[in-house]
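As stored in query_36.csv (CSV, C-alpha atoms):
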chain,number,residue,atom,x,y,z
I,1,LEU,CA,-20.5,-46.6,-71.5
I,2,VAL,CA,-22.4,-44.1,-69.3
I,3,GLN,CA,-22.5,-40.3,-69.6
I,4,ALA,CA,-24.2,-37.4,-67.8
I,5,SER,CA,-25.1,-34.0,-69.0
I,6,ALA,CA,-23.6,-32.7,-65.7
I,7,THR,CA,-21.6,-34.6,-63.1
I,8,ALA,CA,-22.4,-32.1,-60.4
I,9,ILE,CA,-25.8,-30.6,-59.7
I,10,CYS,CA,-27.2,-27.8,-57.6
I,11,PRO,CA,-30.0,-28.5,-55.1
I,12,GLY,CA,-33.3,-28.8,-57.1
I,13,ASP,CA,-31.5,-29.3,-60.4
I,14,SER,CA,-31.3,-32.5,-62.5
I,15,THR,CA,-28.9,-34.2,-64.9
I,16,LEU,CA,-29.5,-36.5,-67.9
I,17,LEU,CA,-27.9,-39.9,-67.7
I,18,THR,CA,-27.3,-41.9,-70.9
I,19,GLY,CA,-26.2,-45.5,-71.1
I,20,SER,CA,-24.9,-47.2,-74.2
I,21,GLY,CA,-23.5,-50.5,-75.3
I,22,GLY,CA,-25.0,-53.9,-76.2
I,23,THR,CA,-28.5,-54.1,-77.7
I,24,GLY,CA,-30.2,-52.2,-74.9
I,25,GLY,CA,-30.0,-51.8,-71.1
I,26,PHE,CA,-31.5,-50.2,-68.0
I,27,TRP,CA,-30.6,-48.1,-65.0
I,28,ILE,CA,-30.7,-50.0,-61.7
I,29,GLY,CA,-33.3,-48.6,-59.4
I,30,LEU,CA,-34.6,-46.0,-61.9
I,31,THR,CA,-37.4,-45.9,-64.4
I,32,PRO,CA,-36.8,-48.1,-67.5
I,33,GLN,CA,-36.2,-45.1,-69.8
I,34,ASN,CA,-32.7,-44.5,-71.2
I,35,PRO,CA,-31.7,-41.7,-71.2
I,36,VAL,CA,-33.2,-40.8,-67.8
I,37,TYR,CA,-33.2,-37.6,-65.6
I,38,VAL,CA,-32.1,-37.8,-62.0
I,39,HIS,CA,-32.5,-35.1,-59.4
I,40,ALA,CA,-30.3,-36.2,-56.6
I,41,PRO,CA,-26.5,-36.8,-56.2
I,42,GLY,CA,-25.3,-40.4,-55.9
I,43,THR,CA,-23.8,-43.3,-57.8
I,44,TYR,CA,-26.0,-44.7,-60.6
I,45,GLN,CA,-25.4,-48.1,-62.4
I,46,TYR,CA,-26.3,-49.0,-66.0
I,47,VAL,CA,-26.6,-52.6,-67.1
I,48,ALA,CA,-26.0,-53.1,-70.8
I,49,SER,CA,-27.9,-56.1,-72.2
I,50,GLY,CA,-27.2,-58.3,-75.2
I,51,LEU,CA,-23.7,-58.9,-74.1
I,52,CYS,CA,-22.2,-62.2,-72.7
I,53,PRO,CA,-21.8,-61.6,-70.0
I,54,SER,CA,-23.8,-58.5,-69.4
I,55,ASP,CA,-21.8,-55.4,-68.6
I,56,THR,CA,-22.4,-52.9,-65.8
I,57,ALA,CA,-21.1,-49.3,-65.7
I,58,SER,CA,-21.5,-46.7,-63.0
I,59,ILE,CA,-21.3,-42.9,-62.8
I,60,THR,CA,-21.3,-40.7,-59.7
I,61,ILE,CA,-23.2,-37.4,-59.6
I,62,ALA,CA,-21.9,-34.9,-57.0
I,63,ALA,CA,-23.8,-32.2,-55.1
I,64,THR,CA,-22.8,-28.6,-55.6
I,65,PRO,CA,-23.7,-26.7,-52.4
I,66,LEU,CA,-25.6,-23.4,-52.3
I,67,PRO,CA,-23.4,-20.4,-51.3
I,68,ASN,CA,-24.0,-19.2,-47.8
I,69,LEU,CA,-23.2,-16.0,-45.9
I,70,ASP,CA,-24.1,-14.9,-42.3
I,71,LEU,CA,-22.9,-11.6,-40.9
I,72,GLN,CA,-23.4,-13.0,-37.4
I,73,VAL,CA,-25.1,-9.8,-36.1
I,74,ALA,CA,-28.7,-8.7,-35.6
I,75,ASN,CA,-30.5,-6.9,-38.4
I,76,ALA,CA,-30.0,-3.6,-36.6
I,77,VAL,CA,-27.1,-2.7,-34.2
I,78,SER,CA,-25.8,0.4,-32.6
I,79,ILE,CA,-22.2,1.6,-32.0
I,80,CYS,CA,-20.9,4.5,-30.0
I,81,ALA,CA,-19.7,7.6,-31.7
I,82,GLY,CA,-16.0,7.2,-32.4
I,83,GLY,CA,-16.3,3.4,-32.1
I,84,THR,CA,-16.1,0.7,-34.7
I,85,LEU,CA,-17.9,-2.5,-35.6
I,86,VAL,CA,-16.0,-5.2,-37.5
I,87,LEU,CA,-18.2,-7.4,-39.6
I,88,ALA,CA,-16.7,-10.8,-40.0
I,89,PRO,CA,-19.2,-13.1,-41.7
I,90,VAL,CA,-19.2,-16.8,-41.9
I,91,SER,CA,-19.2,-17.4,-45.6
I,92,SER,CA,-18.6,-20.0,-48.3
I,93,ALA,CA,-16.4,-17.6,-50.2
I,94,VAL,CA,-14.8,-14.2,-49.7
I,95,PRO,CA,-17.7,-11.7,-49.9
I,96,VAL,CA,-18.2,-8.6,-52.0
I,97,TRP,CA,-19.3,-5.6,-49.8
I,98,GLN,CA,-21.8,-2.8,-50.5
I,99,ASP,CA,-18.9,-0.5,-51.6
I,100,GLY,CA,-17.6,-3.1,-54.1
I,101,SER,CA,-14.6,-4.1,-52.0
I,102,VAL,CA,-13.7,-7.8,-51.6
I,103,SER,CA,-12.5,-8.8,-48.2
I,104,PRO,CA,-13.2,-11.3,-45.4
I,105,THR,CA,-14.1,-8.4,-43.0
I,106,PHE,CA,-15.5,-4.9,-43.1
I,107,THR,CA,-15.0,-2.2,-40.5
I,108,VAL,CA,-18.0,0.1,-39.8
I,109,THR,CA,-17.5,3.6,-38.3
I,110,GLN,CA,-20.5,5.5,-39.7
I,111,PRO,CA,-24.3,4.9,-39.6
I,112,GLY,CA,-25.9,3.3,-42.6
I,113,LEU,CA,-26.9,0.0,-44.4
I,114,TYR,CA,-24.1,-2.5,-44.8
I,115,TYR,CA,-24.3,-5.8,-46.7
I,116,ALA,CA,-22.2,-8.5,-48.2
I,117,THR,CA,-22.8,-11.0,-51.0
I,118,VAL,CA,-21.2,-14.2,-52.2
I,119,THR,CA,-21.8,-15.7,-55.6
I,120,ALA,CA,-21.2,-19.3,-56.8
I,121,SER,CA,-22.3,-21.6,-59.6
I,122,CYS,CA,-25.5,-22.4,-57.7
I,123,GLY,CA,-26.6,-18.8,-57.0
I,124,SER,CA,-25.8,-16.1,-54.5
I,125,SER,CA,-26.3,-15.4,-50.8
I,126,SER,CA,-26.3,-12.1,-49.0
I,127,ASP,CA,-26.9,-10.6,-45.5
I,128,SER,CA,-27.3,-7.0,-44.3
I,129,VAL,CA,-27.3,-4.9,-41.2
I,130,VAL,CA,-28.5,-1.4,-40.3
I,131,VAL,CA,-26.0,0.5,-38.1
I,132,THR,CA,-26.9,3.5,-36.0
I,133,VAL,CA,-24.4,5.6,-34.1
I,134,ILE,CA,-25.2,6.7,-30.5
I,135,ASN,CA,-23.6,9.8,-29.1
I,136,ALA,CA,-22.4,10.1,-25.5
I,137,PRO,CA,-25.0,11.9,-23.3
I,138,THR,CA,-25.1,15.6,-22.7
I,139,THR,CA,-27.1,16.1,-19.5
I,140,THR,CA,-29.1,19.3,-19.3
I,141,VAL,CA,-31.1,20.6,-16.4
I,142,SER,CA,-34.0,23.0,-16.7
I,143,PRO,CA,-34.3,25.6,-15.4
I,144,ASN,CA,-30.8,26.4,-14.4
I,145,PRO,CA,-30.4,28.1,-12.0
I,146,VAL,CA,-33.5,26.9,-10.2
I,147,PRO,CA,-35.5,29.7,-8.4
I,148,TYR,CA,-36.3,28.3,-5.0
I,149,CYS,CA,-39.4,29.5,-3.2
I,150,ALA,CA,-40.3,28.1,0.2
I,151,GLY,CA,-43.6,26.3,0.1
I,152,SER,CA,-43.6,25.8,-3.7
I,153,GLN,CA,-42.8,22.7,-5.7
I,154,ASN,CA,-39.5,24.0,-7.0
I,155,ALA,CA,-39.3,21.4,-9.7
I,156,VAL,CA,-36.4,20.8,-12.0
I,157,SER,CA,-36.3,18.5,-15.1
I,158,VAL,CA,-33.4,16.8,-16.8
I,159,SER,CA,-32.9,15.6,-20.4
I,160,GLY,CA,-30.2,14.4,-22.8
I,161,ALA,CA,-29.6,10.8,-21.5
I,162,ASP,CA,-31.4,7.5,-21.1
I,163,SER,CA,-31.3,7.2,-17.3
I,164,TYR,CA,-30.5,9.6,-14.5
I,165,GLU,CA,-29.3,9.6,-10.9
I,166,TRP,CA,-29.7,12.7,-8.7
I,167,TYR,CA,-27.4,13.6,-5.9
I,168,ASP,CA,-29.8,12.0,-3.4
I,169,GLY,CA,-30.1,8.7,-5.4
I,170,SER,CA,-33.5,9.3,-7.0
I,171,THR,CA,-33.8,8.3,-10.7
I,172,LEU,CA,-36.8,10.4,-11.9
I,173,THR,CA,-36.7,12.8,-14.8
I,174,ASN,CA,-38.3,15.5,-12.6
I,175,TRP,CA,-37.0,16.3,-9.2
I,176,THR,CA,-38.0,18.6,-6.4
I,177,VAL,CA,-35.3,20.9,-5.0
I,178,PRO,CA,-35.4,20.7,-1.2
I,179,SER,CA,-33.6,24.1,-0.5
I,180,THR,CA,-31.2,26.6,-1.9
I,181,GLY,CA,-27.8,25.2,-2.6
I,182,SER,CA,-25.7,23.4,-5.3
I,183,TYR,CA,-26.8,20.0,-6.7
I,184,TRP,CA,-25.9,17.6,-9.5
I,185,VAL,CA,-27.5,14.9,-11.6
I,186,LEU,CA,-25.7,12.1,-13.6
I,187,GLY,CA,-27.1,11.2,-17.0
I,188,SER,CA,-26.1,7.9,-18.6
I,189,ASN,CA,-26.6,5.9,-21.8
I,190,ALA,CA,-24.9,2.9,-23.5
I,191,CYS,CA,-22.0,5.1,-24.6
I,192,GLY,CA,-21.1,6.9,-21.4
I,193,SER,CA,-22.3,9.4,-18.8
I,194,ASP,CA,-22.3,13.1,-18.1
I,195,THR,CA,-22.9,15.1,-15.0
I,196,ALA,CA,-24.9,18.4,-14.9
I,197,TYR,CA,-24.3,20.8,-12.0
I,198,PHE,CA,-26.9,23.4,-11.0
I,199,ASP,CA,-27.7,25.8,-8.3
I,200,ALA,CA,-31.0,26.6,-6.5
I,201,VAL,CA,-31.1,30.3,-5.7
I,202,PRO,CA,-33.7,32.3,-3.7
I,203,GLY,CA,-36.6,33.1,-6.0
I,204,SER,CA,-38.3,36.5,-6.4
I,205,GLY,CA,-41.6,36.8,-4.6
I,206,PRO,CA,-44.6,38.9,-5.9
I,207,THR,CA,-44.3,42.6,-5.5
I,208,ALA,CA,-47.3,44.5,-3.8
I,209,PHE,CA,-48.3,47.9,-5.2
I,210,ILE,CA,-50.4,50.5,-3.3
I,211,ASN,CA,-52.5,52.8,-5.4
I,212,PRO,CA,-52.5,56.2,-3.7
I,213,ALA,CA,-55.7,57.1,-5.5
I,214,GLY,CA,-57.5,54.2,-4.0
Show the structure stored in the file as C-alpha cells.
Amino acid sequence: LVQASATAICPGDSTLLTGSGGTGGFWIGLTPQNPVYVHAPGTYQYVASGLCPSDTASITIAATPLPNLDLQVANAVSICAGGTLVLAPVSSAVPVWQDGSVSPTFTVTQPGLYYATVTASCGSSSDSVVVTVINAPTTTVSPNPVPYCAGSQNAVSVSGADSYEWYDGSTLTNWTVPSTGSYWVLGSNACGSDTAYFDAVPGSGPTAFINPAG
C-alpha cells in the first residue's frame, strides 16, 4: 500500500510518500527513507520486502500549474477621446478586474490604471496597464491676424498638435508670412487633424511726431 500527503503539487512544493506492507521496503530511485518527500511530479514505485514474492505498488503525483494572465498590451497605451480599448487577456481562468467585475474582457473608455487577477490553488497572477486619452488637435495660430510689414520677418507660430503642414508644404512650428493674404496650416496627431485659417494684414508703421518747440 502506498499513500501520499498530496497527489498533486504546485511548482516548488513537495509531498510525503508513505509505503507499507511486509516487513519493510524501499522507494525505487529514491533515498532509502520511508516515508520520503518528493518535489517533482511523476510516478513512484514502492517495493515491500518480507513477502514472497515481493510486492510493488506505485503512485502518481500530478503537477498543478501556476495561474497565468497576460493582458496582451504594453504597460502604457493611449486611446483617442471617444474611443474604446477592449482588454481581452490570455488567462488560465476568468479574471477579476480592478472594479471587482468578473469577465473574460473589459472595455476601457476613460484614462486610468486597469488590472486583472486570476487566483488558483497554486497562487495568483495579475497584469496591469495605464491608459491615457488623447484629444483630437485644436490648431492655433499666433498672432492672428498677422500684421505684415514689408522687410520684416513677419513670423507666425502654431500650436495644439503634434505635427504641422503649412499651405506651402513646410512643416515647421514657426513660419514666415510672404505677403498679405489668407493662409492655412494643418495640425495633426494620432487622433485626427484640424486646420487653422488666418490672414496677414498690412501692419501699422511707426508714427513720426514733429515738436514745434524744437
Next on the checklist: Report as a PyMOL selection string all protein, DNA and RNA residues lying within 8 Å of I:Thr180, evaluated on all atoms listed in the file, omitting residues in the same chain fewer than 6 positions from it.
Outcome noted: chain I and resi 148+199-202
Within 9 Å of I:Trp175, counting only C-alpha atoms, which residues show up once you throw out same-chain ones fewer than 5 positions away? Write them as an mmCIF file with C-alpha atoms, in the coordinates of the input, please.
data_model
loop_
_atom_site.group_PDB
_atom_site.id
_atom_site.type_symbol
_atom_site.label_atom_id
_atom_site.label_comp_id
_atom_site.auth_asym_id
_atom_site.auth_seq_id
_atom_site.Cartn_x
_atom_site.Cartn_y
_atom_site.Cartn_z
ATOM 1 C CA ASN I 154 -39.500 24.000 -7.000
ATOM 2 C CA ALA I 155 -39.300 21.400 -9.700
ATOM 3 C CA VAL I 156 -36.400 20.800 -12.000
ATOM 4 C CA SER I 157 -36.300 18.500 -15.100
ATOM 5 C CA VAL I 158 -33.400 16.800 -16.800
ATOM 6 C CA TRP I 166 -29.700 12.700 -8.700
ATOM 7 C CA SER I 170 -33.500 9.300 -7.000
#
Item to check | Polymer residues at most 7 Å from I:Ile9, all atoms listed in the file, same-chain spacing of 3 or more positions, as a VMD selection string | outcome: chain I and resid 6 13 to 14 62 to 64
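What separates atom CA of I:Thr43 from atom CA of I:Ser58 is a distance of 6.6 Å.
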Item to check | From I:Gly12, I:Gly25, I:Pro67, I:Gly192, residue lying nearest I:Val38 [only C-alpha atoms] | outcome: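 Among the listed residues, I:Gly12 lies closest to I:Val38.
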Item to check | Separation of atom CA of I:Leu16 from atom CA of I:Pro41 in Å | outcome: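 Result for atom CA of I:Pro41 versus atom CA of I:Leu16: 12.1 Å, one decimal.
Of the residues under consideration (I:Asn34, I:Gln45, I:Ser126, I:Ser182), I:Ser126 shows the shortest atom-to-atom contact distance to I:Ser91 when counting all atoms listed in the file.
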Item to check | Å distance separating atom CA of I:Ser179 from atom CA of I:Thr138, one decimal place | outcome: 25.2 Å
Quick one: everything within 8 Å of stretch 77-88 of chain I, counting only C-alpha atoms, minus sequence neighbours fewer than 3 positions away in the same chain. Send it as a CSV table (one decimal) with C-alpha atoms, in the coordinates of the input.
chain,number,residue,atom,x,y,z
I,71,LEU,CA,-22.9,-11.6,-40.9
I,72,GLN,CA,-23.4,-13.0,-37.4
I,73,VAL,CA,-25.1,-9.8,-36.1
I,74,ALA,CA,-28.7,-8.7,-35.6
I,104,PRO,CA,-13.2,-11.3,-45.4
I,105,THR,CA,-14.1,-8.4,-43.0
I,106,PHE,CA,-15.5,-4.9,-43.1
I,107,THR,CA,-15.0,-2.2,-40.5
I,108,VAL,CA,-18.0,0.1,-39.8
I,109,THR,CA,-17.5,3.6,-38.3
I,129,VAL,CA,-27.3,-4.9,-41.2
I,130,VAL,CA,-28.5,-1.4,-40.3
I,131,VAL,CA,-26.0,0.5,-38.1
I,132,THR,CA,-26.9,3.5,-36.0
I,133,VAL,CA,-24.4,5.6,-34.1
I,134,ILE,CA,-25.2,6.7,-30.5
I,135,ASN,CA,-23.6,9.8,-29.1
I,136,ALA,CA,-22.4,10.1,-25.5
I,190,ALA,CA,-24.9,2.9,-23.5
I,191,CYS,CA,-22.0,5.1,-24.6
Next on the checklist: Give me, as a list in words, all polymer residues having an atom no more than 7 Å from I:Gly19, counting only C-alpha atoms and skipping those fewer than 4 positions away in the same chain.
Outcome noted: Leu1, Val2, Gln3, Asn34, Pro35 and Tyr46 of chain I
Checklist outcome for this item: Of I:Tyr115, I:Trp27, I:Tyr164, I:Tyr37, the one nearest to I:Asn189 when counting only C-alpha atoms is I:Tyr164
